[in-house]
$ cat input05.tsv   # TSV, C-alpha atoms
chain	number	residue	atom	x	y	z
A	8	MET	CA	0.77	24.86	-20.89
A	9	LEU	CA	-2.66	24.78	-19.28
A	10	THR	CA	-3.56	28.24	-18.03
A	11	GLN	CA	-6.90	27.45	-16.42
A	12	THR	CA	-7.81	25.46	-13.34
A	13	THR	CA	-8.68	22.04	-14.67
A	14	SER	CA	-8.17	18.30	-14.49
A	15	ARG	CA	-7.17	15.86	-17.21
A	16	VAL	CA	-5.75	12.39	-17.80
A	17	LEU	CA	-1.97	12.61	-17.77
A	18	GLU	CA	0.14	11.33	-20.64
A	19	PRO	CA	3.64	9.79	-20.73
A	20	SER	CA	5.08	13.23	-21.49
A	21	ASP	CA	3.81	14.44	-18.09
A	22	LEU	CA	6.04	12.00	-16.19
A	23	ASP	CA	8.51	14.49	-14.73
A	24	ALA	CA	5.76	16.79	-13.50
A	25	ALA	CA	3.89	13.86	-11.94
A	26	LEU	CA	7.02	12.59	-10.20
A	27	ALA	CA	7.63	16.08	-8.79
A	28	VAL	CA	4.19	15.93	-7.12
A	29	LEU	CA	4.72	12.37	-5.88
A	30	ASP	CA	8.12	13.25	-4.43
A	31	ARG	CA	6.56	15.92	-2.20
A	32	GLU	CA	5.38	13.15	0.16
A	33	PRO	CA	7.70	10.18	-0.44
A	34	VAL	CA	6.39	8.06	2.43
A	35	ALA	CA	2.65	8.48	1.90
A	36	ASN	CA	3.02	8.17	-1.87
A	37	ALA	CA	5.44	5.21	-1.93
A	38	PHE	CA	2.94	2.75	-3.43
A	39	VAL	CA	2.01	4.93	-6.41
A	40	THR	CA	5.51	6.34	-6.86
A	41	ALA	CA	6.95	2.83	-7.13
A	42	ARG	CA	4.45	1.93	-9.85
A	43	VAL	CA	4.99	5.12	-11.79
A	44	ARG	CA	8.78	4.80	-11.70
A	45	ILE	CA	8.50	1.29	-13.16
A	46	ALA	CA	5.65	1.77	-15.62
A	47	GLY	CA	5.54	5.49	-16.42
A	48	LEU	CA	2.15	7.03	-17.15
A	49	ASP	CA	1.01	4.83	-20.01
A	50	PRO	CA	-2.35	3.49	-18.74
A	51	TRP	CA	-1.81	-0.01	-20.13
A	52	ARG	CA	1.54	-0.44	-18.38
A	53	LEU	CA	0.50	1.47	-15.25
A	54	GLY	CA	-2.67	-0.55	-14.78
A	55	GLY	CA	-4.85	2.55	-14.67
A	56	GLU	CA	-5.04	6.24	-15.48
A	57	MET	CA	-3.29	9.05	-13.64
A	58	TRP	CA	-5.49	12.11	-13.32
A	59	GLY	CA	-3.88	15.49	-12.83
A	60	TRP	CA	-5.24	18.69	-11.30
A	61	TYR	CA	-3.81	21.99	-12.48
A	62	GLU	CA	-3.82	25.31	-10.64
A	63	HIS	CA	-2.84	28.25	-12.85
A	64	GLY	CA	-1.07	25.96	-15.27
A	65	MET	CA	0.88	24.03	-12.62
A	66	LEU	CA	0.26	20.37	-11.85
A	67	THR	CA	-0.47	20.32	-8.10
A	68	SER	CA	-2.50	17.16	-7.34
A	69	LEU	CA	-2.87	13.64	-8.71
A	70	CYS	CA	-5.30	10.75	-8.49
A	71	TYR	CA	-4.40	7.19	-9.50
A	72	ALA	CA	-7.43	5.42	-10.97
A	73	GLY	CA	-6.79	1.71	-11.32
A	74	ALA	CA	-7.63	-1.26	-9.12
A	75	ASN	CA	-7.52	1.34	-6.34
A	76	LEU	CA	-8.58	4.98	-6.46
A	77	VAL	CA	-5.81	6.95	-4.72
A	78	PRO	CA	-5.84	10.73	-4.17
A	79	ILE	CA	-2.29	12.14	-4.04
A	80	CYS	CA	-1.37	15.52	-2.56
A	81	ALA	CA	-4.99	16.35	-3.29
A	82	THR	CA	-6.42	19.74	-2.30
A	83	PRO	CA	-10.17	20.08	-1.64
A	84	ARG	CA	-10.74	21.58	-5.11
A	85	ALA	CA	-8.75	18.77	-6.70
A	86	VAL	CA	-10.77	16.15	-4.80
A	87	ARG	CA	-14.00	17.64	-6.13
A	88	ALA	CA	-12.67	17.46	-9.68
A	89	PHE	CA	-11.47	13.89	-9.20
A	90	ALA	CA	-14.86	12.90	-7.76
A	91	ASP	CA	-16.63	14.39	-10.79
A	92	ARG	CA	-14.36	12.42	-13.13
A	93	ALA	CA	-14.82	9.22	-11.11
A	94	ARG	CA	-18.61	9.56	-11.15
A	95	ARG	CA	-18.63	10.00	-14.92
A	96	ALA	CA	-16.35	6.99	-15.44
A	97	GLY	CA	-18.27	4.74	-13.04
A	98	ARG	CA	-16.72	2.62	-10.33
A	99	ARG	CA	-13.99	0.32	-11.65
A	100	CYS	CA	-11.89	0.08	-8.49
A	101	SER	CA	-12.06	-2.41	-5.63
A	102	SER	CA	-11.10	0.23	-3.04
A	103	ILE	CA	-10.44	3.90	-2.39
A	104	VAL	CA	-7.32	4.37	-0.30
A	105	GLY	CA	-5.08	7.27	0.60
A	106	PRO	CA	-4.36	9.95	3.19
A	107	ALA	CA	-7.35	10.16	5.50
A	108	ASP	CA	-8.60	13.72	4.92
A	109	PRO	CA	-8.74	13.80	1.09
A	110	THR	CA	-9.94	10.18	0.97
A	111	ALA	CA	-12.78	10.99	3.38
A	112	GLN	CA	-13.78	13.97	1.25
A	113	LEU	CA	-13.61	11.87	-1.92
A	114	TRP	CA	-15.81	9.18	-0.36
A	115	ARG	CA	-18.39	11.74	0.85
A	116	LEU	CA	-18.75	12.92	-2.73
A	117	LEU	CA	-18.85	9.43	-4.27
A	118	GLU	CA	-20.88	7.55	-1.66
A	119	PRO	CA	-24.33	8.66	-2.96
A	120	GLY	CA	-23.56	7.00	-6.31
A	121	TRP	CA	-21.05	4.32	-5.37
A	122	GLY	CA	-22.25	3.27	-1.93
A	123	PRO	CA	-22.76	1.41	0.16
A	124	ALA	CA	-19.20	0.23	0.70
A	125	ARG	CA	-18.53	-3.25	2.04
A	126	GLU	CA	-16.37	-1.68	4.75
A	127	VAL	CA	-14.95	1.75	5.61
A	128	ARG	CA	-11.77	1.97	7.66
A	129	ALA	CA	-11.76	5.65	8.49
A	130	ARG	CA	-8.44	5.87	10.31
A	131	GLN	CA	-5.40	3.68	9.69
A	132	PRO	CA	-2.31	5.13	11.39
A	133	LEU	CA	0.63	5.66	9.03
A	134	MET	CA	3.83	4.69	10.82
A	135	VAL	CA	7.50	5.16	9.87
A	136	THR	CA	10.98	4.43	11.13
A	137	ASP	CA	14.52	4.90	9.87
A	138	HIS	CA	16.39	2.77	12.40
A	139	LEU	CA	16.45	-0.66	14.00
A	140	PRO	CA	15.18	-1.09	17.57
A	141	ALA	CA	17.92	-1.09	20.20
A	142	ASP	CA	16.23	-3.60	22.50
A	143	ILE	CA	14.70	-6.19	20.14
A	144	ALA	CA	16.99	-8.64	18.35
A	145	PRO	CA	15.90	-9.52	14.81
A	146	ASP	CA	14.60	-13.08	14.52
A	147	PRO	CA	17.51	-15.02	12.95
A	148	TYR	CA	15.06	-17.49	11.36
A	149	VAL	CA	13.24	-14.85	9.29
A	150	ARG	CA	14.71	-14.85	5.78
A	151	ARG	CA	13.90	-14.12	2.18
A	152	VAL	CA	11.46	-16.57	0.62
A	153	ARG	CA	13.03	-18.52	-2.25
A	154	LYS	CA	11.41	-18.87	-5.66
A	155	ASP	CA	11.00	-22.62	-5.13
A	156	GLU	CA	8.94	-21.95	-1.97
A	157	MET	CA	5.89	-20.41	-3.67
A	158	GLU	CA	3.67	-23.38	-2.72
A	159	ARG	CA	4.69	-22.96	0.92
A	160	ILE	CA	4.16	-19.19	1.13
A	161	MET	CA	0.87	-18.97	-0.83
A	162	PRO	CA	-1.45	-20.47	1.82
A	163	ALA	CA	-0.14	-17.97	4.39
A	164	CYS	CA	-0.59	-15.08	1.93
A	165	VAL	CA	-4.17	-16.15	1.16
A	166	ALA	CA	-4.95	-16.54	4.87
A	167	MET	CA	-3.54	-13.09	5.67
A	168	PHE	CA	-5.42	-11.40	2.81
A	169	THR	CA	-8.72	-13.09	3.68
A	170	GLU	CA	-8.34	-12.20	7.36
A	171	GLU	CA	-7.38	-8.60	6.59
A	172	VAL	CA	-9.71	-7.72	3.70
A	173	GLY	CA	-12.64	-10.00	4.44
A	174	ILE	CA	-12.72	-11.79	1.07
A	175	SER	CA	-10.44	-14.36	-0.50
A	176	PRO	CA	-7.96	-13.18	-3.16
A	177	MET	CA	-8.67	-16.46	-4.96
A	178	ALA	CA	-12.20	-15.33	-5.90
A	179	GLY	CA	-13.00	-14.03	-9.35
A	180	ASP	CA	-10.07	-15.08	-11.53
A	181	GLY	CA	-9.13	-18.07	-9.39
A	182	GLY	CA	-6.33	-16.10	-7.80
A	183	LEU	CA	-4.23	-15.64	-10.93
A	184	LEU	CA	-3.53	-11.94	-10.34
A	185	TYR	CA	-2.84	-12.49	-6.66
A	186	GLN	CA	-0.49	-15.39	-7.32
A	187	ALA	CA	1.34	-13.28	-9.88
A	188	ARG	CA	1.75	-10.48	-7.32
A	189	VAL	CA	3.09	-12.88	-4.68
A	190	ALA	CA	5.49	-14.37	-7.25
A	191	GLU	CA	6.66	-10.87	-8.17
A	192	LEU	CA	7.48	-10.06	-4.53
A	193	VAL	CA	9.24	-13.39	-4.02
A	194	GLY	CA	11.18	-13.00	-7.25
A	195	SER	CA	12.33	-9.49	-6.33
A	196	GLY	CA	13.53	-10.59	-2.87
A	197	ARG	CA	10.84	-8.64	-1.01
A	198	SER	CA	8.99	-11.56	0.61
A	199	PHE	CA	10.15	-12.71	4.05
A	200	ALA	CA	9.11	-15.58	6.29
A	201	ARG	CA	10.00	-17.87	9.15
A	202	PHE	CA	9.19	-21.55	8.58
A	203	ASP	CA	8.75	-24.23	11.24
A	204	ALA	CA	10.36	-27.67	11.15
A	205	ASP	CA	7.57	-28.98	8.91
A	206	GLY	CA	7.99	-26.16	6.39
A	207	LYS	CA	4.87	-24.29	7.46
A	208	VAL	CA	4.92	-20.49	7.61
A	209	VAL	CA	5.07	-19.21	11.18
A	210	PHE	CA	5.57	-15.49	10.40
A	211	LYS	CA	5.61	-13.55	7.15
A	212	ALA	CA	5.71	-10.03	5.74
A	213	GLU	CA	6.47	-8.35	2.45
A	214	ILE	CA	7.96	-5.08	1.28
A	215	GLY	CA	5.13	-4.25	-1.05
A	216	ALA	CA	6.32	-0.94	-2.49
A	217	ALA	CA	9.83	0.43	-2.78
A	218	THR	CA	11.44	3.62	-4.05
A	219	ASP	CA	14.90	5.01	-3.41
A	220	ARG	CA	13.44	7.18	-0.62
A	221	ALA	CA	10.93	4.95	1.18
A	222	CYS	CA	9.50	1.46	1.26
A	223	GLN	CA	6.23	0.08	2.60
A	224	ILE	CA	5.94	-3.11	4.65
A	225	GLN	CA	2.70	-5.03	4.22
A	226	GLY	CA	1.11	-8.42	4.73
A	227	VAL	CA	2.42	-8.92	8.28
A	228	TRP	CA	0.98	-12.20	9.57
A	229	VAL	CA	1.59	-14.72	12.33
A	230	ALA	CA	0.07	-18.19	12.07
A	231	PRO	CA	-2.88	-18.39	14.52
A	232	GLU	CA	-1.37	-21.20	16.59
A	233	TYR	CA	1.79	-19.12	17.14
A	234	ARG	CA	0.11	-15.87	18.17
A	235	GLY	CA	0.86	-14.51	21.61
A	236	LYS	CA	4.26	-16.22	21.70
A	237	GLY	CA	6.40	-13.16	21.03
A	238	LEU	CA	7.24	-13.84	17.39
A	239	ALA	CA	5.86	-10.64	15.81
A	240	ALA	CA	8.31	-8.05	17.17
A	241	PRO	CA	11.53	-10.01	16.40
A	242	GLY	CA	10.06	-10.94	13.02
A	243	MET	CA	9.31	-7.31	12.22
A	244	ALA	CA	12.80	-6.32	13.40
A	245	ALA	CA	14.25	-8.85	10.96
A	246	VAL	CA	12.18	-7.55	8.03
A	247	LEU	CA	13.09	-4.00	9.02
A	248	ARG	CA	16.79	-4.89	8.98
A	249	TYR	CA	16.48	-6.14	5.40
A	250	ALA	CA	14.38	-3.12	4.39
A	251	LEU	CA	16.75	-0.46	5.73
A	252	ALA	CA	19.92	-2.24	4.60
A	253	ASP	CA	18.83	-3.26	1.10
A	254	ILE	CA	15.80	-1.24	0.00
A	255	ALA	CA	15.37	2.33	1.31
A	256	PRO	CA	16.42	4.64	4.18
A	257	VAL	CA	12.86	4.84	5.57
A	258	ALA	CA	10.33	2.06	6.13
A	259	SER	CA	6.61	2.66	6.54
A	260	LEU	CA	3.38	0.78	7.03
A	261	TYR	CA	-0.23	1.54	7.83
A	262	VAL	CA	-2.37	-0.42	10.22
A	263	ASN	CA	-6.03	-0.58	11.25
A	264	ASP	CA	-6.65	1.58	14.32
A	265	PHE	CA	-8.60	-1.26	15.96
A	266	ASN	CA	-5.64	-3.66	15.68
A	267	THR	CA	-4.16	-2.75	19.04
A	268	ALA	CA	-1.82	-5.76	19.20
A	269	ALA	CA	-0.20	-4.89	15.87
A	270	ARG	CA	0.10	-1.21	16.74
A	271	ARG	CA	1.75	-2.10	20.03
A	272	THR	CA	4.22	-4.37	18.19
A	273	TYR	CA	5.12	-1.70	15.64
A	274	LEU	CA	5.69	0.88	18.37
A	275	ARG	CA	7.97	-1.57	20.19
A	276	VAL	CA	10.01	-2.05	17.02
A	277	GLY	CA	10.46	1.72	16.71
A	278	PHE	CA	7.74	2.85	14.31
A	279	GLN	CA	6.11	6.21	15.03
A	280	GLU	CA	2.74	7.52	13.86
A	281	VAL	CA	3.12	10.39	11.38
A	282	GLY	CA	-0.37	10.55	9.88
A	283	ALA	CA	-3.32	8.38	8.89
A	284	PHE	CA	-4.70	6.61	5.87
A	285	MET	CA	-8.29	5.69	5.09
A	286	SER	CA	-9.60	2.73	3.09
A	287	VAL	CA	-13.02	2.20	1.53
A	288	LEU	CA	-13.51	-1.43	0.48
A	289	PHE	CA	-16.10	-2.56	-2.08

$ encode --input "input05.tsv" --output "structure tokens"
Amino acid sequence: MLTQTTSRVLEPSDLDAALAVLDREPVANAFVTARVRIAGLDPWRLGGEMWGWYEHGMLTSLCYAGANLVPICATPRAVRAFADRARRAGRRCSSIVGPADPTAQLWRLLEPGWGPAREVRARQPLMVTDHLPADIAPDPYVRRVRKDEMERIMPACVAMFTEEVGISPMAGDGGLLYQARVAELVGSGRSFARFDADGKVVFKAEIGAATDRACQIQGVWVAPEYRGKGLAAPGMAAVLRYALADIAPVASLYVNDFNTAARRTYLRVGFQEVGAFMSVLF
């Protein structure tokens, strides 16, 4: 056992201790928890390292260091240690994302060496619900996307990502990783859409992360020509019905604070703000 206050890269044998930390905040940590429960802590399978912070021999905070840098249950002392480790390793992530306070502290420490960021989204409300709305009927045309519909769903996914993040997911590797991720969500029954008579996507969303305690809805998108026609709330109600019935007892999402239309829709469907995330995009 470690007796000092220190940080280190966790190993597969640390899995139970890491899961105990992740399970302290099942909603906020859903994305990382889902990955760890599937892949364990082996860096090759996990797609990155898991850093641990120990106080008096007890693992108290984590930081996932992969395509994203994600502080988890991170105290101010832990954040400083994670920032030191990140500086030494150099930036290998495309974003820093996590609960707003520790992520803001982490970015303050890393910005002199890693900045400037392409964009900083300082406050993204974290919203949750555990029930369906009483006054909004789920859209009966929203359904799971079939595996043979990949060519129909991909353009909508690319459009949503480009609109949301500001760059195309097809850049770099030609979109291979992104296509694989979309295929994974479709194959696992966590991609949902409404198609029009011509087979074009009108509304879509995915359940991007799922554990037995919480799931996270992402990629909510309405085709531009259908916006303002009242499709978003019934569409979200439909996805929520699938999520709560088939995936987890609590559904969550986080949204940009400047996206007032989306926030209004989520509130109508029954989501409530319980905290905030922050994202730093490179």

$ closest_residue --input "input05.tsv" --among "A:Gly226, A:Pro132, A:Leu76, A:Ala163" --to "Trp114 of chain A" --atoms "only C-alpha atoms"
A:Leu76

$ axis_aligned_box --input "input05.tsv" --around "segment 26-39 of chain A" --padding-each-side "5 Å" --output "JSON"
{"center_x": 5.1, "center_y": 9.4, "center_z": -3.9, "size_x": 16.1, "size_y": 23.3, "size_z": 22.6}

$ residues_around --input "input05.tsv" --residues "Gly173 of chain A" --least-positions-apart "4" --cutoff "12 Å" --atoms "only C-alpha atoms" --output "mmCIF file with C-alpha atoms, in the coordinates of the input"
data_model
loop_
_atom_site.group_PDB
_atom_site.id
_atom_site.type_symbol
_atom_site.label_atom_id
_atom_site.label_comp_id
_atom_site.auth_asym_id
_atom_site.auth_seq_id
_atom_site.Cartn_x
_atom_site.Cartn_y
_atom_site.Cartn_z
ATOM 1 C CA ARG A 125 -18.530 -3.250 2.040
ATOM 2 C CA GLU A 126 -16.370 -1.680 4.750
ATOM 3 C CA VAL A 165 -4.170 -16.150 1.160
ATOM 4 C CA ALA A 166 -4.950 -16.540 4.870
ATOM 5 C CA MET A 167 -3.540 -13.090 5.670
ATOM 6 C CA PHE A 168 -5.420 -11.400 2.810
ATOM 7 C CA THR A 169 -8.720 -13.090 3.680
ATOM 8 C CA ALA A 178 -12.200 -15.330 -5.900
ATOM 9 C CA LEU A 288 -13.510 -1.430 0.480
ATOM 10 C CA PHE A 289 -16.100 -2.560 -2.080
#

$ atom_distance --input "input05.tsv" --atom1 "atom CA of Ala96 of chain A" --atom2 "atom CA of Ala72 of chain A"
10.1 Å

$ residues_around --input "input05.tsv" --residues "Pro83 of chain A" --least-positions-apart "2" --cutoff "9 Å" --atoms "all atoms listed in the file" --output "PyMOL selection string"
chain A and resi 81+85-88+109+112-113

$ atom_distance --input "input05.tsv" --atom1 "atom CA of Asp203 of chain A" --atom2 "atom CA of Val189 of chain A"
20.4 Å

$ closest_atom_pairs --input "input05.tsv" --of "segment 196-248 of chain A" --to "segment 142-146 of chain A" --cutoff "7 Å" --atoms "all atoms listed in the file" --output "Markdown table"
| residue | atom | partner | partner_atom | distance |
| --- | --- | --- | --- | --- |
| A:Pro241 | CA | A:Pro145 | CA | 4.7 |
| A:Gly242 | CA | A:Asp146 | CA | 5.2 |
| A:Ala244 | CA | A:Pro145 | CA | 4.7 |
| A:Ala245 | CA | A:Pro145 | CA | 4.2 |

$ atom_distance --input "input05.tsv" --atom1 "atom CA of Ser259 of chain A" --atom2 "atom CA of Glu56 of chain A"
25.2 Å

$ closest_residue --input "input05.tsv" --among "A:Glu158, A:Glu118, A:Glu191, A:Asp30" --to "Ala221 of chain A" --atoms "only C-alpha atoms"
A:Asp30

$ closest_residue --input "input05.tsv" --among "A:Gly196, A:Gly277, A:Gly215, A:Gly59" --to "Tyr249 of chain A" --atoms "all atoms listed in the file"
A:Gly196

$ closest_residue --input "input05.tsv" --among "A:Asp49, A:Asp180, A:Glu232, A:Glu62" --to "Thr12 of chain A" --atoms "all atoms listed in the file"
A:Glu62

$ closest_atom_pairs --input "input05.tsv" --of "segment 72-184 of chain A" --to "segment 263-275 of chain A" --cutoff "10 Å" --atoms "all atoms listed in the file" --output "tab-separated table"
residue	atom	partner	partner_atom	distance
A:Arg128	CA	A:Asn263	CA	7.2
A:Ala129	CA	A:Asp264	CA	8.8
A:Arg130	CA	A:Asp264	CA	6.1
A:Gln131	CA	A:Asn263	CA	4.6
A:Pro132	CA	A:Asp264	CA	6.3
A:Leu133	CA	A:Asn263	CA	9.4
A:Met134	CA	A:Tyr273	CA	8.1
A:Val135	CA	A:Tyr273	CA	9.3
A:Thr136	CA	A:Tyr273	CA	9.6
A:Pro140	CA	A:Arg275	CA	7.7
A:Ala141	CA	A:Arg275	CA	10.0
A:Asp142	CA	A:Arg275	CA	8.8
A:Ile143	CA	A:Arg275	CA	8.2
A:Glu171	CA	A:Asn263	CA	9.4

$ write_last_selection --input "input05.tsv" --atoms "C-alpha atoms" --output "compact mmCIF listing (two decimals), in the frame of the given file"
# COMPACT_ATOMS: atom_id res chain seq x y z
CA ARG A 128 -11.77 1.97 7.66
CA ALA A 129 -11.76 5.65 8.49
CA ARG A 130 -8.44 5.87 10.31
CA GLN A 131 -5.40 3.68 9.69
CA PRO A 132 -2.31 5.13 11.39
CA LEU A 133 0.63 5.66 9.03
CA MET A 134 3.83 4.69 10.82
CA VAL A 135 7.50 5.16 9.87
CA THR A 136 10.98 4.43 11.13
CA PRO A 140 15.18 -1.09 17.57
CA ALA A 141 17.92 -1.09 20.20
CA ASP A 142 16.23 -3.60 22.50
CA ILE A 143 14.70 -6.19 20.14
CA GLU A 171 -7.38 -8.60 6.59
